[in-house]
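Notes for the one structure printed next.
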Amino acid sequence: MPNRRIFIDKISQGWMIASLATILLLPVIIGLALYMKANPLLEQQSLSTLLFSSEWLPSQGKFGFWPFIAGSLYVTLLAFIFAAPVCLFAAIHLTQFASKKLIRWMYPVIDILAGLPSVIYGVWGILVIVHFISDILAPFFNTSSSGYSILAGGIVLTVMCIPYMLNMLIEVFNTVPIGLKEASLSLGSSYWESVKHVVVRKSFPGIISAFGLGIAKAFGETIAVMMVVGNQVKVSGNPFDAGYPLPALIANNYGEMLSIPMYDSALMFAAFLLLVIILSINLIFRYLIHKTTRK
Amino acid sequence: MFTDVEMCEKPDVVSTPYGSTSILRIRNLNVFTEDHHILKDINLDIPKNKITVLLGPSGCGKTTLLKCMNKLTDLYQELKVSGNIFIDEDDVLHSNSNIPAIRQKMGLLSQRPYPLPMSIFKNVAYGIKLQGVKNKSLIAETVERNLREVGLWEEVKDRLHSPGASLSIGQQQRLCLARGLAVKPWIILADEPTSALDPISSKIIEDLFRNLKQKYTIILVTHILRQAVRLADHVVFMNFGEIIEQGKPMELFKNPSTKQLKEYLVDGN
Ligand SMILES: Nc1ncnc2c1ncn2[C@@H]1O[C@H](COP(=O)(O)OP(=O)(O)OP(=O)(O)O)[C@@H](O)[C@H]1O
Ligand SMILES: [Mg+2]
């Protein structure tokens with residue numbers, strides 16, 4: 001009997017280690033595979049040209065990824081600038097000020113928003129946001145725009161990020177023990193002062209981590225953004241212009257035009273780049289979390 | 001709300017059997033949730049510069065009573081509170097004017113220490129900074145004086161700027177006491193302040209309380225009967241949300257007049 005238990009114990013431990021190893025190895029395997037596929041291109045051209053050149057002429061063998069990188073960064077940045085403050089204040093209000101009733105109503109709404117497939121956001125973006133930009137916003141700023149633009153991508157991405165980030169921020173604020181607020185209030189702070197000095201400060205690492213995960217998710221979001229962003233290869237600071245983020249490049253072109261030499265490698269390189277950037281975002285935020293927790 | 005105040009007794013100065021006046025007067029205090037009557041018609045006078053001990057079985061409403069005293073019940077939407085609690089001339093429950101100022105008259109020491117997420121120094125400085133004190137040397141002086149008062153200064157003077165949470169639990173509890181004292185409260189509300197502490201830290205806190213009652217009034221919730229005997233000037237025994245008996249500790253413990261207290265004392269020993 002004891003032998004059998006030890007045996008089962010061993011087996012179950014083995015299983016756990018194996019599953020854990022698979023999970024840990026997965027990103028490495030994916031990364032390696034992408035890298036190997038991209039290697040022919042990397043052997044042919046220097047990394048700096050690939051990253052920072054804006055010339056994208058596959059048929060002439062010119063692969064400059066900067067327009068795609070810049071497009072991705074721009075769309076993500078817009079989404080973050082719009083979504084972060086909204087989520088932060090909404091989460092503070094919901095967890096610190098709102099009535100229990102409102103919270104009961106909000107949870108299912110957030111869950112539904114978070115669960116909607118991204119195509120739906122894309123369609124909504126085309127129907128509403130693109131028209132809003134071309135008919136109202138662009139004329140208001142005295143420019144013209146087809147509506148399919150970086151800004152449209154940013155707005156759609158914002159809406160997609162909000163439920164995701166809001167959910168995490170609510171969790172973060174809910175973990176602040178009520179005893180801390182009691183302590184702060186009994187020292188004579190107003191309610192808002194307690195929130196500001198104690199709740200937000202205590203949640204700081206959590207807030208940063210929620211932002212980081214939100215950004216990483218936004219950076220990789222593909223379908224919805226692709227549907228509204230215009231998909232033109234150019235670098236422009238004007239949010240009313242079209243752009244072409246990295247994930248859209250891969251999704252639009254993979255399986256087509258593979259007759260062009262190196263095109264296959266180039267798309268793999270794009271995927272590899274995406275992986276590296278998302279990993280870097282994660283690492284940067286891990287570091288920030290670490291920094292803020294220690295204080 | 002106005003009629004509420006008028007219906008009850010005037011906040012007259014009641015003298016207590018201890019030759020001191022009462023600093024806090026609770027009148028017809030009731031607390032409900034949707035399906036539970038937590039505190040039932042509490043009427044209680046807290047004698048000034050004495051240690052009042054609240055005793056009672058778990059769940060009888062001691063913590064809730066303490067939280068009513070400085071209106072922390074606001075944090076719990078599900079609690080409905082009615083009645084009056086007078087401190088000085090202010091009615092804690094009905095004075096909408098300056099709740100933070102009223103709360104500052106009562107320092108809170110909870111069952112577990114909750115150091116604020118900031119340095120040791122800022123923990124103690126927090127309250128007076130909220131009051132608007134800006135003078136750096138005055139703040140530093142206040143911090144030192146209060147840390148000395150709880151006997152923590154020597155232990156932390158070299159690491160005032162490390163996080164409050166880096167202290168041991170016993171030190172954290174004294175830090176919480178120091179930051180409470182820094183705003184010069186009249187009353188210290190202590191909810192089982194030693195239950196998470198080792199015997200030595202507990203003794204330090206007890207000794208502190210004995211000294212502090214020269215200047216402050218202390219309301220102490222405890223489950224430790226010996227602690228009650230050691231510290232109490234006045235004992236209030238509660239059960240199921242009601243005050244069953246109150247009086248001087250020796251009289252109460254020697255001759256409990258109710259069956260409930262008798263049982264509680266027997267089980268507690
Ligand atoms: N926010 C709340 N919502 C619902 N019920 C509550 C709430 N706070 C307290 N109660 C109920 O009120 C009763 C008294 O609780 P309280 O915490 O005051 O007891 P206590 O005397 O401090 O007990 P203990 O000695 O275990 O700390 C309990 O039955 C508790 O379930
Ligand atoms: Mg309690």
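Scheme for the structure tokens: letters A, B, ... for chains in order shown; per-chain residue numbers from 1; ligand numbers from 1 in order shown.
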Test item: residues lying within 12 Å of ligand 1 with only C-alpha atoms and all ligand atoms, as a ChimeraX atom specification: /A:178 /B:30-40,54-68,72-81,110-112,190-193,195,220-224,237-243
Residue hits in chain A, query chain B, radius 12 Å, only C-alpha atoms, as a tab-separated table (two decimals) with N, CA and C atoms, in the first residue's frame:
chain	number	residue	atom	x	y	z
A	95	THR	N	-14.89	50.46	-7.43
A	95	THR	CA	-14.51	49.73	-6.22
A	95	THR	C	-14.60	50.58	-4.96
A	96	GLN	N	-14.49	51.90	-5.08
A	96	GLN	CA	-14.41	52.72	-3.87
A	96	GLN	C	-15.66	53.54	-3.62
A	97	PHE	N	-16.37	53.92	-4.67
A	97	PHE	CA	-17.45	54.87	-4.45
A	97	PHE	C	-18.83	54.33	-4.83
A	98	ALA	N	-18.88	53.44	-5.81
A	98	ALA	CA	-20.17	53.06	-6.36
A	98	ALA	C	-20.98	52.20	-5.39
A	99	SER	N	-22.27	52.17	-5.59
A	99	SER	CA	-23.11	51.31	-4.76
A	99	SER	C	-22.97	49.87	-5.23
A	100	LYS	N	-23.26	48.96	-4.32
A	100	LYS	CA	-23.14	47.54	-4.64
A	100	LYS	C	-23.98	47.17	-5.85
A	101	LYS	N	-25.10	47.86	-5.99
A	101	LYS	CA	-26.03	47.57	-7.07
A	101	LYS	C	-25.38	47.81	-8.43
A	176	VAL	N	-7.10	45.53	-1.95
A	176	VAL	CA	-6.65	46.42	-0.87
A	176	VAL	C	-7.49	46.16	0.37
A	177	PRO	N	-6.88	45.77	1.48
A	177	PRO	CA	-7.68	45.43	2.65
A	177	PRO	C	-8.44	46.64	3.19
A	178	ILE	N	-9.67	46.39	3.62
A	178	ILE	CA	-10.51	47.49	4.10
A	178	ILE	C	-9.91	48.10	5.37
A	179	GLY	N	-9.12	47.30	6.10
A	179	GLY	CA	-8.46	47.81	7.31
A	179	GLY	C	-7.54	48.99	7.02
A	180	LEU	N	-6.94	49.01	5.82
A	180	LEU	CA	-6.07	50.12	5.46
A	180	LEU	C	-6.87	51.40	5.31
A	181	LYS	N	-8.02	51.29	4.69
A	181	LYS	CA	-8.86	52.48	4.53
A	181	LYS	C	-9.35	52.96	5.88
A	182	GLU	N	-9.72	51.99	6.74
A	182	GLU	CA	-10.16	52.37	8.08
A	182	GLU	C	-9.05	53.12	8.80
A	183	ALA	N	-7.81	52.62	8.67
A	183	ALA	CA	-6.69	53.27	9.34
A	183	ALA	C	-6.53	54.69	8.84
A	184	SER	N	-6.56	54.85	7.53
A	184	SER	CA	-6.38	56.17	6.96
A	184	SER	C	-7.50	57.13	7.37
A	185	LEU	N	-8.73	56.64	7.31
A	185	LEU	CA	-9.86	57.50	7.68
A	185	LEU	C	-9.77	57.91	9.14
A	186	SER	N	-9.38	56.95	10.00
A	186	SER	CA	-9.39	57.28	11.42
A	186	SER	C	-8.24	58.24	11.77
A	187	LEU	N	-7.29	58.40	10.85
A	187	LEU	CA	-6.27	59.42	11.07
A	187	LEU	C	-6.73	60.78	10.57
A	188	GLY	N	-7.95	60.84	10.09
A	188	GLY	CA	-8.52	62.13	9.74
A	188	GLY	C	-8.48	62.47	8.27
A	189	SER	N	-8.29	61.47	7.42
A	189	SER	CA	-8.30	61.80	6.00
A	189	SER	C	-9.73	61.81	5.49
A	190	SER	N	-9.93	62.56	4.42
A	190	SER	CA	-11.23	62.48	3.77
A	190	SER	C	-11.25	61.20	2.96
A	191	TYR	N	-12.41	60.87	2.44
A	191	TYR	CA	-12.50	59.62	1.71
A	191	TYR	C	-11.59	59.63	0.48
A	192	TRP	N	-11.62	60.74	-0.22
A	192	TRP	CA	-10.80	60.84	-1.43
A	192	TRP	C	-9.31	60.79	-1.10
A	193	GLU	N	-8.92	61.41	0.01
A	193	GLU	CA	-7.51	61.36	0.41
A	193	GLU	C	-7.07	59.93	0.70
A	194	SER	N	-7.96	59.17	1.32
A	194	SER	CA	-7.63	57.76	1.57
A	194	SER	C	-7.41	57.01	0.28
A	195	VAL	N	-8.28	57.27	-0.67
A	195	VAL	CA	-8.15	56.58	-1.96
A	195	VAL	C	-6.83	56.96	-2.61
A	196	LYS	N	-6.55	58.25	-2.60
A	196	LYS	CA	-5.37	58.75	-3.29
A	196	LYS	C	-4.08	58.27	-2.61
A	197	HIS	N	-3.99	58.47	-1.30
A	197	HIS	CA	-2.72	58.19	-0.62
A	197	HIS	C	-2.53	56.73	-0.28
A	198	VAL	N	-3.62	56.03	-0.07
A	198	VAL	CA	-3.49	54.67	0.44
A	198	VAL	C	-3.90	53.61	-0.59
A	199	VAL	N	-5.10	53.72	-1.11
A	199	VAL	CA	-5.58	52.67	-2.02
A	199	VAL	C	-4.75	52.65	-3.31
A	200	VAL	N	-4.59	53.82	-3.93
A	200	VAL	CA	-3.85	53.85	-5.19
A	200	VAL	C	-2.39	53.51	-4.96
A	201	ARG	N	-1.81	54.03	-3.88
A	201	ARG	CA	-0.41	53.75	-3.63
A	201	ARG	C	-0.19	52.26	-3.38
A	202	LYS	N	-1.06	51.69	-2.59
A	202	LYS	CA	-0.94	50.27	-2.30
A	202	LYS	C	-1.08	49.44	-3.58
A	203	SER	N	-1.92	49.92	-4.50
A	203	SER	CA	-2.20	49.16	-5.72
A	203	SER	C	-1.21	49.43	-6.84
A	204	PHE	N	-0.24	50.28	-6.60
A	204	PHE	CA	0.60	50.76	-7.69
A	204	PHE	C	1.22	49.65	-8.55
A	205	PRO	N	1.85	48.65	-7.93
A	205	PRO	CA	2.41	47.57	-8.76
A	205	PRO	C	1.33	46.88	-9.58
A	292	THR	N	8.51	49.02	-8.16
A	292	THR	CA	7.51	49.69	-7.33
A	292	THR	C	7.11	48.86	-6.12
A	293	THR	N	7.23	47.54	-6.22
A	293	THR	CA	6.85	46.73	-5.07
A	293	THR	C	7.84	46.91	-3.94
A	294	ARG	N	9.10	47.05	-4.31
A	294	ARG	CA	10.11	47.11	-3.25
A	294	ARG	C	9.96	48.35	-2.40
A	295	LYS	N	9.49	49.43	-3.02
A	295	LYS	CA	9.43	50.70	-2.29
A	295	LYS	C	8.42	50.67	-1.15
Taking the chain letters and numbering used in this document, name the residues of stretch 54-183 of chain A that DSSP puts in strand (DSSP E), as a short mmCIF file (atom, residue, chain, number, x, y, z; two decimals) with all heavy atoms, in the first residue's frame.
data_model
loop_
_atom_site.label_atom_id
_atom_site.label_comp_id
_atom_site.auth_asym_id
_atom_site.auth_seq_id
_atom_site.Cartn_x
_atom_site.Cartn_y
_atom_site.Cartn_z
N TRP A 56 9.60 49.45 -48.57
CA TRP A 56 8.94 48.14 -48.60
C TRP A 56 8.60 47.80 -50.05
O TRP A 56 7.54 48.17 -50.55
CB TRP A 56 7.70 48.16 -47.72
CG TRP A 56 6.99 46.83 -47.67
CD1 TRP A 56 5.88 46.48 -48.37
CD2 TRP A 56 7.35 45.69 -46.90
NE1 TRP A 56 5.51 45.20 -48.09
CE2 TRP A 56 6.40 44.68 -47.18
CE3 TRP A 56 8.38 45.41 -46.00
CZ2 TRP A 56 6.44 43.43 -46.58
CZ3 TRP A 56 8.41 44.16 -45.41
CH2 TRP A 56 7.45 43.18 -45.70
N LEU A 57 9.56 47.18 -50.72
CA LEU A 57 9.34 46.79 -52.11
C LEU A 57 9.72 45.33 -52.26
O LEU A 57 10.81 45.02 -52.77
CB LEU A 57 10.19 47.67 -53.04
CG LEU A 57 9.88 49.17 -52.97
CD1 LEU A 57 11.02 49.99 -53.58
CD2 LEU A 57 8.57 49.46 -53.68
N LYS A 62 13.43 44.56 -51.31
CA LYS A 62 13.66 45.55 -50.26
C LYS A 62 12.61 45.39 -49.16
O LYS A 62 11.41 45.57 -49.39
CB LYS A 62 13.60 46.97 -50.85
CG LYS A 62 14.82 47.27 -51.68
CD LYS A 62 14.81 48.69 -52.18
CE LYS A 62 16.12 48.97 -52.92
NZ LYS A 62 15.95 50.08 -53.87
N PHE A 63 13.10 45.04 -48.01
CA PHE A 63 12.19 44.82 -46.89
C PHE A 63 12.52 45.74 -45.73
O PHE A 63 13.37 45.44 -44.90
CB PHE A 63 12.29 43.36 -46.41
CG PHE A 63 11.87 42.36 -47.44
CD1 PHE A 63 12.80 41.67 -48.20
CD2 PHE A 63 10.51 42.11 -47.66
CE1 PHE A 63 12.41 40.74 -49.15
CE2 PHE A 63 10.11 41.17 -48.61
CZ PHE A 63 11.06 40.49 -49.35
#
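Between atom CA of A:Asn142 and atom CA of A:Ala83 the separation is 25.8 Å.
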Top pick for closest residue to B:Pro47, considering B:Val92, B:Ile87, B:Val143, B:Leu197 and counting only C-alpha atoms: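 Closest to B:Pro47 of all the choices is B:Ile87.
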Surrounding residues of A:Leu32 excluding itself and chain neighbours under 3 positions, 12 Å, only C-alpha atoms, as JSON, numbers by chain: {"A": [25, 26, 27, 28, 29, 35, 36, 37, 38, 39, 268, 269, 271, 272, 275, 276]}
Using only C-alpha atoms: which of B:Ile244, B:Leu225, B:Ala196, B:Leu152 has the shortest distance to B:Val266: B:Leu225
Straight-line distance linking atom CA of A:Glu256 with atom CA of A:Ser59, stated in Å to one decimal: 13.2 Å
DSSP alpha helix (DSSP H) residues within stretch 50-282 of chain A, listed as a ChimeraX atom specification: /A:50-52,66-92,100-115,118-124,131-132,138-140,150-174,178-186,191-194,200-202,204-220,223-228,246-253,263-282
Pairwise distance for atom CA of A:Leu113 and atom CA of A:Met160, rounded to one decimal in Å: 7.7 Å
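Nearest residue to B:Lys262 among B:Lys134, B:Gln173, B:Ala140, B:Glu245 is B:Glu245, counting only C-alpha atoms.
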Stretch 213-222 of chain A environment, 6 Å, only C-alpha atoms, sequence neighbours closer than 6 positions dropped, as JSON, numbers by chain: {"A": [76, 165, 247, 248, 278]}
Save the residues we just selected, N, CA and C atoms, as an mmCIF file, in the first residue's frame?
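Contents of result_12.cif, as written:
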data_model
loop_
_atom_site.group_PDB
_atom_site.id
_atom_site.type_symbol
_atom_site.label_atom_id
_atom_site.label_comp_id
_atom_site.auth_asym_id
_atom_site.auth_seq_id
_atom_site.Cartn_x
_atom_site.Cartn_y
_atom_site.Cartn_z
ATOM 1 N N THR A 76 -1.049 51.333 -30.809
ATOM 2 C CA THR A 76 -1.048 50.880 -29.425
ATOM 3 C C THR A 76 -0.972 52.065 -28.460
ATOM 4 N N MET A 165 -8.614 45.657 -19.344
ATOM 5 C CA MET A 165 -7.859 46.396 -18.340
ATOM 6 C C MET A 165 -8.718 46.681 -17.108
ATOM 7 N N PRO A 247 0.865 42.932 -37.057
ATOM 8 C CA PRO A 247 0.010 41.734 -37.135
ATOM 9 C C PRO A 247 -0.813 41.737 -38.417
ATOM 10 N N ALA A 248 -1.234 42.940 -38.859
ATOM 11 C CA ALA A 248 -2.044 43.028 -40.069
ATOM 12 C C ALA A 248 -1.230 42.588 -41.285
ATOM 13 N N ILE A 278 6.609 42.039 -27.947
ATOM 14 C CA ILE A 278 5.674 41.747 -26.853
ATOM 15 C C ILE A 278 6.408 41.222 -25.626
#
Residues within 10 Å of A:Ser236, only C-alpha atoms, excluding chain neighbours under 3 positions, as a ChimeraX atom specification: /A:67,70-71,74,150,233,239-243
Can I get the selected residues back with N, CA, C and O atoms, as a short mmCIF file (atom, residue, chain, number, x, y, z; two decimals), in the first residue's frame?
data_model
loop_
_atom_site.label_atom_id
_atom_site.label_comp_id
_atom_site.auth_asym_id
_atom_site.auth_seq_id
_atom_site.Cartn_x
_atom_site.Cartn_y
_atom_site.Cartn_z
N PRO A 67 7.75 51.02 -41.30
CA PRO A 67 6.34 51.46 -41.36
C PRO A 67 5.43 50.58 -40.50
O PRO A 67 4.50 51.09 -39.85
N ALA A 70 6.30 51.16 -36.74
CA ALA A 70 5.79 52.46 -36.32
C ALA A 70 4.26 52.42 -36.24
O ALA A 70 3.66 52.95 -35.29
N GLY A 71 3.64 51.79 -37.23
CA GLY A 71 2.17 51.72 -37.23
C GLY A 71 1.66 51.00 -35.99
O GLY A 71 0.73 51.47 -35.32
N TYR A 74 2.19 53.19 -32.89
CA TYR A 74 1.30 54.35 -32.88
C TYR A 74 -0.11 53.94 -32.44
O TYR A 74 -0.71 54.55 -31.54
N ILE A 150 -5.11 55.37 -38.62
CA ILE A 150 -4.47 55.03 -37.34
C ILE A 150 -5.43 55.34 -36.20
O ILE A 150 -5.58 54.56 -35.25
N VAL A 233 1.21 51.05 -46.65
CA VAL A 233 2.58 51.08 -46.13
C VAL A 233 3.11 52.50 -46.18
O VAL A 233 3.52 52.98 -47.23
N PRO A 239 -2.58 61.13 -37.33
CA PRO A 239 -3.45 60.01 -36.98
C PRO A 239 -4.60 59.81 -37.97
O PRO A 239 -5.26 58.77 -37.96
N PHE A 240 -4.85 60.80 -38.85
CA PHE A 240 -5.93 60.62 -39.82
C PHE A 240 -5.46 59.83 -41.04
O PHE A 240 -6.25 59.47 -41.89
N ASP A 241 -4.14 59.59 -41.13
CA ASP A 241 -3.61 58.79 -42.23
C ASP A 241 -3.78 57.31 -41.94
O ASP A 241 -3.89 56.91 -40.79
N ALA A 242 -3.73 56.54 -43.03
CA ALA A 242 -3.80 55.10 -42.85
C ALA A 242 -2.46 54.58 -42.36
O ALA A 242 -1.43 55.24 -42.50
N GLY A 243 -2.47 53.42 -41.77
CA GLY A 243 -1.23 52.79 -41.32
C GLY A 243 -1.31 51.30 -41.56
O GLY A 243 -2.28 50.79 -42.12
#
Contacts of B:Gly247 within 12 Å, only C-alpha atoms, excl. fewer than 3 positions in-chain, as a ChimeraX atom specification: /B:16-18,44-47,52-55,232-237,243-244,250-257
Create the file for the chosen residues now, containing N, CA and C atoms and written as an mmCIF file, in the first residue's frame.
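Just written: out.cif:
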data_model
loop_
_atom_site.group_PDB
_atom_site.id
_atom_site.type_symbol
_atom_site.label_atom_id
_atom_site.label_comp_id
_atom_site.auth_asym_id
_atom_site.auth_seq_id
_atom_site.Cartn_x
_atom_site.Cartn_y
_atom_site.Cartn_z
ATOM 1 N N THR B 16 -19.758 59.910 36.039
ATOM 2 C CA THR B 16 -19.729 58.458 36.161
ATOM 3 C C THR B 16 -19.294 58.096 37.573
ATOM 4 N N PRO B 17 -19.443 56.835 37.950
ATOM 5 C CA PRO B 17 -19.052 56.424 39.298
ATOM 6 C C PRO B 17 -17.550 56.554 39.550
ATOM 7 N N TYR B 18 -16.810 57.031 38.555
ATOM 8 C CA TYR B 18 -15.362 57.043 38.727
ATOM 9 C C TYR B 18 -14.839 58.426 39.049
ATOM 10 N N LEU B 44 -24.553 53.835 26.484
ATOM 11 C CA LEU B 44 -23.287 53.612 27.179
ATOM 12 C C LEU B 44 -22.551 54.926 27.365
ATOM 13 N N ASP B 45 -22.012 55.116 28.579
ATOM 14 C CA ASP B 45 -21.154 56.272 28.835
ATOM 15 C C ASP B 45 -19.728 55.783 29.021
ATOM 16 N N ILE B 46 -18.814 56.409 28.326
ATOM 17 C CA ILE B 46 -17.412 56.015 28.457
ATOM 18 C C ILE B 46 -16.716 57.007 29.373
ATOM 19 N N PRO B 47 -16.195 56.530 30.528
ATOM 20 C CA PRO B 47 -15.548 57.455 31.465
ATOM 21 C C PRO B 47 -14.220 57.962 30.930
ATOM 22 N N THR B 52 -11.870 51.398 29.398
ATOM 23 C CA THR B 52 -13.126 50.664 29.366
ATOM 24 C C THR B 52 -12.915 49.416 28.518
ATOM 25 N N VAL B 53 -13.223 48.266 29.106
ATOM 26 C CA VAL B 53 -13.019 47.029 28.357
ATOM 27 C C VAL B 53 -14.366 46.490 27.888
ATOM 28 N N LEU B 54 -14.454 46.181 26.583
ATOM 29 C CA LEU B 54 -15.656 45.543 26.048
ATOM 30 C C LEU B 54 -15.396 44.042 25.971
ATOM 31 N N LEU B 55 -16.251 43.294 26.651
ATOM 32 C CA LEU B 55 -16.117 41.845 26.649
ATOM 33 C C LEU B 55 -17.342 41.236 26.005
ATOM 34 N N ALA B 232 -8.576 46.846 33.087
ATOM 35 C CA ALA B 232 -9.853 47.548 33.036
ATOM 36 C C ALA B 232 -10.117 48.420 34.264
ATOM 37 N N ASP B 233 -10.697 49.603 34.008
ATOM 38 C CA ASP B 233 -11.302 50.387 35.086
ATOM 39 C C ASP B 233 -12.809 50.160 35.075
ATOM 40 N N HIS B 234 -13.291 49.878 33.858
ATOM 41 C CA HIS B 234 -14.720 49.707 33.683
ATOM 42 C C HIS B 234 -14.913 48.561 32.696
ATOM 43 N N VAL B 235 -15.810 47.657 32.984
ATOM 44 C CA VAL B 235 -16.018 46.523 32.099
ATOM 45 C C VAL B 235 -17.444 46.538 31.575
ATOM 46 N N VAL B 236 -17.579 46.333 30.289
ATOM 47 C CA VAL B 236 -18.899 46.252 29.679
ATOM 48 C C VAL B 236 -19.029 44.884 29.042
ATOM 49 N N PHE B 237 -20.032 44.117 29.483
ATOM 50 C CA PHE B 237 -20.210 42.781 28.929
ATOM 51 C C PHE B 237 -21.372 42.778 27.951
ATOM 52 N N ILE B 243 -25.993 45.184 25.643
ATOM 53 C CA ILE B 243 -25.158 45.280 26.839
ATOM 54 C C ILE B 243 -25.881 44.544 27.952
ATOM 55 N N ILE B 244 -25.224 43.524 28.493
ATOM 56 C CA ILE B 244 -25.858 42.710 29.522
ATOM 57 C C ILE B 244 -25.571 43.268 30.911
ATOM 58 N N MET B 250 -13.633 44.186 39.377
ATOM 59 C CA MET B 250 -13.620 43.254 40.498
ATOM 60 C C MET B 250 -15.032 42.840 40.894
ATOM 61 N N GLU B 251 -15.898 43.843 41.009
ATOM 62 C CA GLU B 251 -17.285 43.532 41.391
ATOM 63 C C GLU B 251 -17.934 42.621 40.356
ATOM 64 N N LEU B 252 -17.695 42.980 39.084
ATOM 65 C CA LEU B 252 -18.355 42.242 38.011
ATOM 66 C C LEU B 252 -17.855 40.796 37.937
ATOM 67 N N PHE B 253 -16.554 40.624 38.031
ATOM 68 C CA PHE B 253 -15.997 39.292 37.888
ATOM 69 C C PHE B 253 -16.267 38.426 39.120
ATOM 70 N N LYS B 254 -16.287 39.064 40.323
ATOM 71 C CA LYS B 254 -16.555 38.283 41.538
ATOM 72 C C LYS B 254 -18.022 37.891 41.628
ATOM 73 N N ASN B 255 -18.896 38.874 41.385
ATOM 74 C CA ASN B 255 -20.321 38.610 41.525
ATOM 75 C C ASN B 255 -21.102 38.941 40.268
ATOM 76 N N PRO B 256 -20.919 38.150 39.224
ATOM 77 C CA PRO B 256 -21.717 38.424 38.025
ATOM 78 C C PRO B 256 -23.197 38.252 38.339
ATOM 79 N N SER B 257 -24.018 39.217 37.945
ATOM 80 C CA SER B 257 -25.419 39.118 38.322
ATOM 81 C C SER B 257 -26.260 38.431 37.256
#
